[in-house]
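See below for model_10.txt, which holds compact mmCIF, C-alpha atoms.
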```txt
# COMPACT_ATOMS: atom_id res chain seq x y z
CA MET U 1 24.10 -12.12 -4.26
CA SER U 2 27.03 -9.74 -3.95
CA TYR U 3 26.92 -6.21 -2.56
CA LEU U 4 27.35 -4.86 -6.11
CA ASP U 5 24.36 -6.91 -7.27
CA ALA U 6 22.29 -5.53 -4.38
CA ILE U 7 23.32 -1.94 -5.18
CA ILE U 8 22.48 -2.32 -8.89
CA LEU U 9 19.11 -3.93 -8.18
CA GLY U 10 18.26 -1.36 -5.47
CA ILE U 11 19.02 1.51 -7.83
CA ILE U 12 16.91 -0.08 -10.58
CA GLN U 13 13.98 -0.46 -8.19
CA GLY U 14 14.30 3.15 -7.04
CA LEU U 15 14.51 4.51 -10.58
CA THR U 16 11.68 2.45 -12.07
CA GLU U 17 9.10 2.29 -9.24
CA PHE U 18 7.64 5.69 -10.13
CA LEU U 19 7.78 5.25 -13.89
CA PRO U 20 5.18 3.21 -15.80
CA VAL U 21 7.72 0.58 -16.84
CA SER U 22 7.31 -2.18 -14.18
CA SER U 23 10.03 -2.13 -11.55
CA SER U 24 9.37 -5.81 -10.76
CA GLY U 25 9.82 -6.72 -14.42
CA HIS U 26 13.13 -4.91 -14.60
CA LEU U 27 14.30 -6.60 -11.40
CA VAL U 28 13.50 -10.04 -12.86
CA LEU U 29 15.34 -9.30 -16.11
CA VAL U 30 18.41 -7.74 -14.47
CA GLU U 31 18.60 -10.56 -11.91
CA SER U 32 18.64 -12.98 -14.84
CA ILE U 33 21.39 -11.00 -16.60
CA LEU U 34 23.47 -10.83 -13.41
CA GLY U 35 22.88 -14.51 -12.67
CA VAL U 36 21.34 -13.69 -9.29
CA LYS U 37 19.01 -16.44 -8.07
CA GLN U 38 17.30 -15.92 -4.75
CA PRO U 39 14.65 -18.17 -3.18
CA GLY U 40 11.19 -16.62 -2.98
CA VAL U 41 10.55 -12.91 -3.43
CA SER U 42 12.04 -11.59 -0.18
CA PHE U 43 14.58 -9.34 -1.89
CA GLU U 44 11.96 -7.90 -4.22
CA LEU U 45 9.73 -7.14 -1.25
CA LEU U 46 12.52 -5.42 0.66
CA VAL U 47 13.46 -3.09 -2.19
CA HIS U 48 9.76 -2.34 -2.72
CA LEU U 49 9.61 -1.51 0.98
CA GLY U 50 12.39 1.00 0.39
CA THR U 51 10.38 2.84 -2.25
CA PHE U 52 7.29 2.44 -0.04
CA LEU U 53 9.02 4.60 2.56
CA SER U 54 9.81 7.26 -0.05
CA VAL U 55 6.11 7.41 -0.98
CA LEU U 56 5.27 7.81 2.71
CA ALA U 57 7.78 10.66 2.98
CA TYR U 58 6.55 12.46 -0.15
CA PHE U 59 2.83 12.17 0.66
CA ARG U 60 3.26 12.51 4.43
CA ARG U 61 0.97 15.54 4.77
CA ARG U 62 -1.68 13.97 2.55
CA ILE U 63 -1.51 10.69 4.47
CA LEU U 64 -1.75 12.47 7.82
CA ARG U 65 -4.88 14.27 6.66
CA LEU U 66 -6.40 10.98 5.49
CA LEU U 67 -5.70 9.43 8.88
CA GLN U 68 -7.02 12.52 10.66
CA SER U 69 -10.27 12.31 8.68
CA LEU U 70 -11.10 9.04 10.42
CA PHE U 71 -11.60 11.03 13.63
CA VAL U 72 -12.90 14.36 12.30
CA ARG U 73 -16.48 14.31 11.06
CA GLU U 74 -16.12 17.41 8.89
CA MET U 75 -13.34 15.88 6.72
CA ARG U 76 -15.78 14.00 4.52
CA ARG U 77 -13.79 14.34 1.30
CA GLU U 78 -10.65 12.85 2.84
CA ARG U 79 -12.66 10.09 4.54
CA GLY U 80 -14.19 9.26 1.18
CA MET U 81 -10.70 8.91 -0.26
CA VAL U 82 -9.80 6.44 2.50
CA MET U 83 -12.87 4.41 1.56
CA TYR U 84 -11.84 4.44 -2.11
CA LEU U 85 -8.33 3.27 -1.18
CA VAL U 86 -9.81 0.36 0.76
CA ILE U 87 -12.10 -0.53 -2.15
CA GLY U 88 -9.28 -0.21 -4.69
CA SER U 89 -7.05 -2.50 -2.62
CA ILE U 90 -9.52 -5.40 -2.57
CA PRO U 91 -8.84 -6.91 -6.05
CA ALA U 92 -5.07 -7.19 -5.59
CA GLY U 93 -5.50 -8.35 -2.00
CA VAL U 94 -7.88 -11.17 -2.86
CA ILE U 95 -6.03 -12.34 -5.97
CA GLY U 96 -2.62 -12.03 -4.31
CA ILE U 97 -3.68 -14.17 -1.35
CA LEU U 98 -5.48 -16.83 -3.39
CA PHE U 99 -2.78 -17.25 -6.03
CA ALA U 100 0.38 -16.26 -4.12
CA ASP U 101 2.38 -19.35 -5.08
CA PHE U 102 1.46 -19.04 -8.75
CA PHE U 103 2.51 -15.39 -8.94
CA GLU U 104 5.74 -16.11 -7.04
CA ARG U 105 6.73 -18.66 -9.69
CA THR U 106 6.35 -16.05 -12.44
CA PHE U 107 9.24 -14.12 -10.91
CA THR U 108 11.58 -16.87 -12.13
CA ASN U 109 10.48 -16.58 -15.77
CA PRO U 110 12.36 -13.82 -17.65
CA LEU U 111 10.73 -14.72 -20.98
CA LEU U 112 7.23 -14.27 -19.57
CA THR U 113 8.33 -11.02 -17.96
CA ALA U 114 9.66 -9.71 -21.28
CA ALA U 115 6.36 -10.58 -22.98
CA LEU U 116 4.39 -8.82 -20.25
CA LEU U 117 6.49 -5.67 -20.71
CA ILE U 118 5.00 -5.54 -24.21
CA VAL U 119 1.54 -5.86 -22.64
CA THR U 120 2.43 -2.87 -20.44
CA GLY U 121 3.23 -0.89 -23.57
CA ILE U 122 -0.20 -1.73 -25.00
CA ILE U 123 -1.90 -0.73 -21.74
CA LEU U 124 -0.12 2.62 -21.79
CA LEU U 125 -1.34 3.28 -25.34
CA THR U 126 -5.01 2.60 -24.61
CA PRO U 127 -5.84 6.03 -23.09
CA LYS U 128 -4.71 7.57 -26.39
CA LEU U 129 -7.48 5.71 -28.20
CA VAL U 130 -10.38 7.10 -26.17
CA ARG U 131 -11.45 10.48 -24.88
CA THR U 132 -10.36 10.74 -21.25
CA GLY U 133 -12.28 12.72 -18.65
CA ALA U 134 -11.51 15.14 -15.85
CA ASN U 135 -13.42 13.48 -13.03
CA ASP U 136 -12.38 12.82 -9.46
CA ILE U 137 -12.02 9.35 -7.98
CA SER U 138 -15.31 7.47 -7.54
CA CYS U 139 -16.26 4.03 -6.28
CA LEU U 140 -16.33 2.65 -9.84
CA SER U 141 -12.98 4.16 -10.84
CA ALA U 142 -11.40 2.94 -7.59
CA ILE U 143 -12.48 -0.61 -8.42
CA THR U 144 -11.27 -0.20 -12.01
CA MET U 145 -7.85 1.01 -10.86
CA GLY U 146 -7.79 -1.78 -8.29
CA VAL U 147 -8.20 -4.32 -11.10
CA GLY U 148 -5.26 -2.67 -12.86
CA GLN U 149 -3.19 -3.05 -9.70
CA ALA U 150 -4.19 -6.71 -9.43
CA LEU U 151 -2.90 -7.35 -12.97
CA ALA U 152 0.38 -5.75 -11.96
CA ILE U 153 1.14 -8.56 -9.52
CA PHE U 154 2.67 -10.15 -12.62
CA PRO U 155 6.28 -8.97 -13.11
CA GLY U 156 6.34 -6.95 -16.31
CA ILE U 157 2.93 -5.34 -15.85
CA SER U 158 3.55 -1.83 -14.55
CA ARG U 159 1.56 -1.12 -11.40
CA SER U 160 1.60 2.65 -11.79
CA GLY U 161 1.10 2.44 -15.55
CA SER U 162 -1.86 0.07 -15.42
CA THR U 163 -3.60 1.82 -12.52
CA ILE U 164 -3.22 5.28 -14.07
CA ALA U 165 -4.28 4.04 -17.52
CA PHE U 166 -7.30 2.20 -16.10
CA GLY U 167 -8.20 5.30 -14.12
CA MET U 168 -8.04 7.50 -17.21
CA LEU U 169 -10.18 4.99 -19.11
CA ALA U 170 -12.71 5.31 -16.26
CA GLY U 171 -12.79 9.07 -16.82
CA VAL U 172 -10.48 10.17 -14.00
CA ASP U 173 -8.31 13.26 -14.45
CA PRO U 174 -4.71 12.09 -15.14
CA SER U 175 -3.14 13.98 -12.22
CA ARG U 176 -5.76 12.66 -9.80
CA ALA U 177 -5.30 9.15 -11.18
CA ALA U 178 -1.54 9.44 -10.64
CA GLU U 179 -1.90 10.55 -7.02
CA PHE U 180 -4.43 7.82 -6.28
CA SER U 181 -2.15 5.27 -7.96
CA PHE U 182 0.77 6.07 -5.66
CA LEU U 183 -1.44 6.14 -2.56
CA LEU U 184 -2.93 2.79 -3.65
CA ALA U 185 0.57 1.31 -3.65
CA LEU U 186 0.90 1.78 0.12
CA PRO U 187 -1.64 -0.80 1.32
CA ALA U 188 -0.56 -3.18 -1.47
CA ILE U 189 3.11 -3.15 -0.49
CA ALA U 190 2.35 -3.14 3.23
CA GLY U 191 0.03 -6.12 2.78
CA ALA U 192 2.58 -8.07 0.74
CA VAL U 193 5.29 -7.46 3.34
CA LEU U 194 2.91 -8.53 6.11
CA ILE U 195 1.96 -11.75 4.31
CA LYS U 196 5.62 -12.58 3.65
CA SER U 197 6.87 -11.43 7.06
CA GLY U 198 7.55 -15.02 8.10
CA GLU U 199 9.75 -15.55 5.05
CA LEU U 200 11.57 -12.28 5.73
CA MET U 201 12.27 -13.34 9.32
CA LEU U 202 13.91 -16.54 8.08
CA LEU U 203 16.38 -14.87 5.73
CA ASP U 204 19.79 -16.48 5.44
CA ALA U 205 22.05 -14.56 7.84
CA GLY U 206 24.69 -14.41 5.10
CA LEU U 207 22.36 -12.38 2.87
CA ILE U 208 20.84 -9.93 5.35
CA ARG U 209 23.48 -7.23 4.77
CA GLN U 210 23.18 -7.44 0.99
CA TYR U 211 19.39 -7.27 1.23
CA LEU U 212 19.57 -4.22 3.49
CA VAL U 213 21.98 -2.54 1.06
CA GLY U 214 19.47 -3.09 -1.76
CA PHE U 215 16.70 -1.72 0.47
CA ALA U 216 18.74 1.40 1.31
CA PHE U 217 19.66 2.16 -2.31
CA ALA U 218 16.04 1.70 -3.44
```
What would the structure in this file look like if it were written as structure tokens?
Amino acid sequence: MSYLDAIILGIIQGLTEFLPVSSSGHLVLVESILGVKQPGVSFELLVHLGTFLSVLAYFRRRILRLLQSLFVREMRRERGMVMYLVIGSIPAGVIGILFADFFERTFTNPLLTAALLIVTGIILLTPKLVRTGANDISCLSAITMGVGQALAIFPGISRSGSTIAFGMLAGVDPSRAAEFSFLLALPAIAGAVLIKSGELMLLDAGLIRQYLVGFAFA
């Protein structure tokens, strides 16, 4: 991987992470076009970590209130949201741990990724076919959105697109579904980085700078 490859891929991750188009899918396809072949998914995790930090920065006040609610009895609404985030993180956490090797192999299959981008398009159309609601997040909708996030472990399935669409199908107000979707990304990315921390620590010294460049641009 050259520095130019890292810059291009970092920019693509940064531009597509917050759109319902699957940043992972675009990384797989562009890596194939550029002829970039990296072992494992360390680079993908690092650029996702870059956008993870931008989510932390944007929602910093919201996140601080959620953390504060764990120690303040009166902040029941925020504490409920923390509970929903934990519940919503379970499907992706369980599936990701049990089938980690299988999902990692899909990142080397551009044809599968291209097909799954079509699936993302279908998922995004589904809320148009039903009457959506204006409800807040509930235990059921958190689980439903968590299932959408679990599907998005596949490259090509948009995480934000599937979680928001599944939330709307569960009757959640679109803006509330969008906020919950981005907050739900934080434990998912943090968990993936933690699981793969050993692999990240064993990065080839000759690639560390390129990986960090990709991280910074993302």
key: d(CA of Leu64 in chain U, CA of Ser175 in chain U) in Å   = 20.1 Å
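Minimum atom-to-atom distances from U:Val94, U:Leu4, U:Ala177, U:Ile189 to Ala134 in chain U were compared using all atoms listed in the file, and the lowest value belongs to U:Ala177.
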Best match for closeness to Glu104 in chain U among U:Val41, U:Leu203, U:Ala150, U:Ile7, counting only C-alpha atoms =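 Closest to Glu104 in chain U of all the choices is U:Val41.
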query = Which of these, U:Leu129, U:Arg79, U:Gly148, U:Glu31, has the shortest distance to Arg62 in chain U once you count all atoms listed in the file?
reply =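 Closest to Arg62 in chain U, using all atoms listed in the file: U:Arg79.
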task = One decimal, Å: what's the distance from CA of Val55 in chain U over to CA of Lys196 in chain U, could you say?
result =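 Distance between the two atoms: 20.5 Å.
Distances here use all atoms listed in the file; by that measure, the residue among U:Pro20, U:Gly93, U:Gly35, U:Gly25 closest to Gly161 in chain U is U:Pro20.
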inquiry  = Which residues are near Gly198 in chain U? Cut-off 12 Å, all atoms listed in the file, ignore same chain within fewer than 6 positions. Put them as a list in words.
reply    = Gly40, Ser42 and Ala192 of chain U
task = Skip Val30 in chain U itself and residues of its chain fewer than 2 positions away, then list as a ChimeraX atom specification all residues within 10 Å of it, counting all atoms listed in the file.
result = /U:5,8-9,12,24-28,32-36,110
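Residues near the point (-9.3, 0.6, -2.2), at a distance of 9 Å or less over only C-alpha atoms, make up Met81, Val82, Met83, Tyr84, Leu85, Val86, Ile87, Gly88, Ser89, Ile90, Pro91, Cys139, Ala142, Ile143, Met145, Gly146, Leu184 and Pro187 of chain U.
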Using only C-alpha atoms, which residues of range 86-157 of chain U come within 12 Å of range 73-77 of chain U, and what is the closest atom pair for each, with the distance in Å to one decimal? Give it as a tab-separated table, sorted by chain and residue number.
```
residue	atom	partner	partner_atom	distance
U:Asp136	CA	U:Arg77	CA	11.0
U:Ile137	CA	U:Arg77	CA	10.7
U:Ser138	CA	U:Arg77	CA	11.3
```
inquiry  = Please list as a PyMOL selection string every residue within 10 Å of Leu116 in chain U, counting all atoms listed in the file and excluding residues in the same chain fewer than 5 positions away.
reply    = chain U and resi 22+25+110-111+121-122+152+154-158
task = Have a look at U:Arg105, U:Arg176, U:Arg209, U:Arg159 and name the one nearest to Leu117 in chain U; count all atoms listed in the file.
result =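 Once distances to Leu117 in chain U are computed over all atoms listed in the file, the minimum belongs to U:Arg159.
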ask   = Out of U:Leu98, U:Ala170, U:Ile63, U:Ser162, which residue has the shortest atom-to-atom distance to Asn135 in chain U when counting only C-alpha atoms?
value =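 Selected residue with least distance to Asn135 in chain U: U:Ala170.
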ask   = Which residues come within 7 Å of Gln13 in chain U, counting only C-alpha atoms, excluding same-chain residues fewer than 6 positions away, as JSON, numbers by chain?
value = {"U": [23, 27, 47, 218]}
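Taking CA of Tyr211 in chain U and CA of Gly50 in chain U as endpoints, the distance between them is 10.9 Å.
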So which residues touch Ser181 in chain U within 7 Å, counting only C-alpha atoms, skipping near sequence neighbours fewer than 5 positions away, as a compact mmCIF listing (two decimals) with C-alpha atoms, in the coordinates of the input?
```
# COMPACT_ATOMS: atom_id res chain seq x y z
CA SER U 160 1.60 2.65 -11.79
CA THR U 163 -3.60 1.82 -12.52
CA ILE U 164 -3.22 5.28 -14.07
```
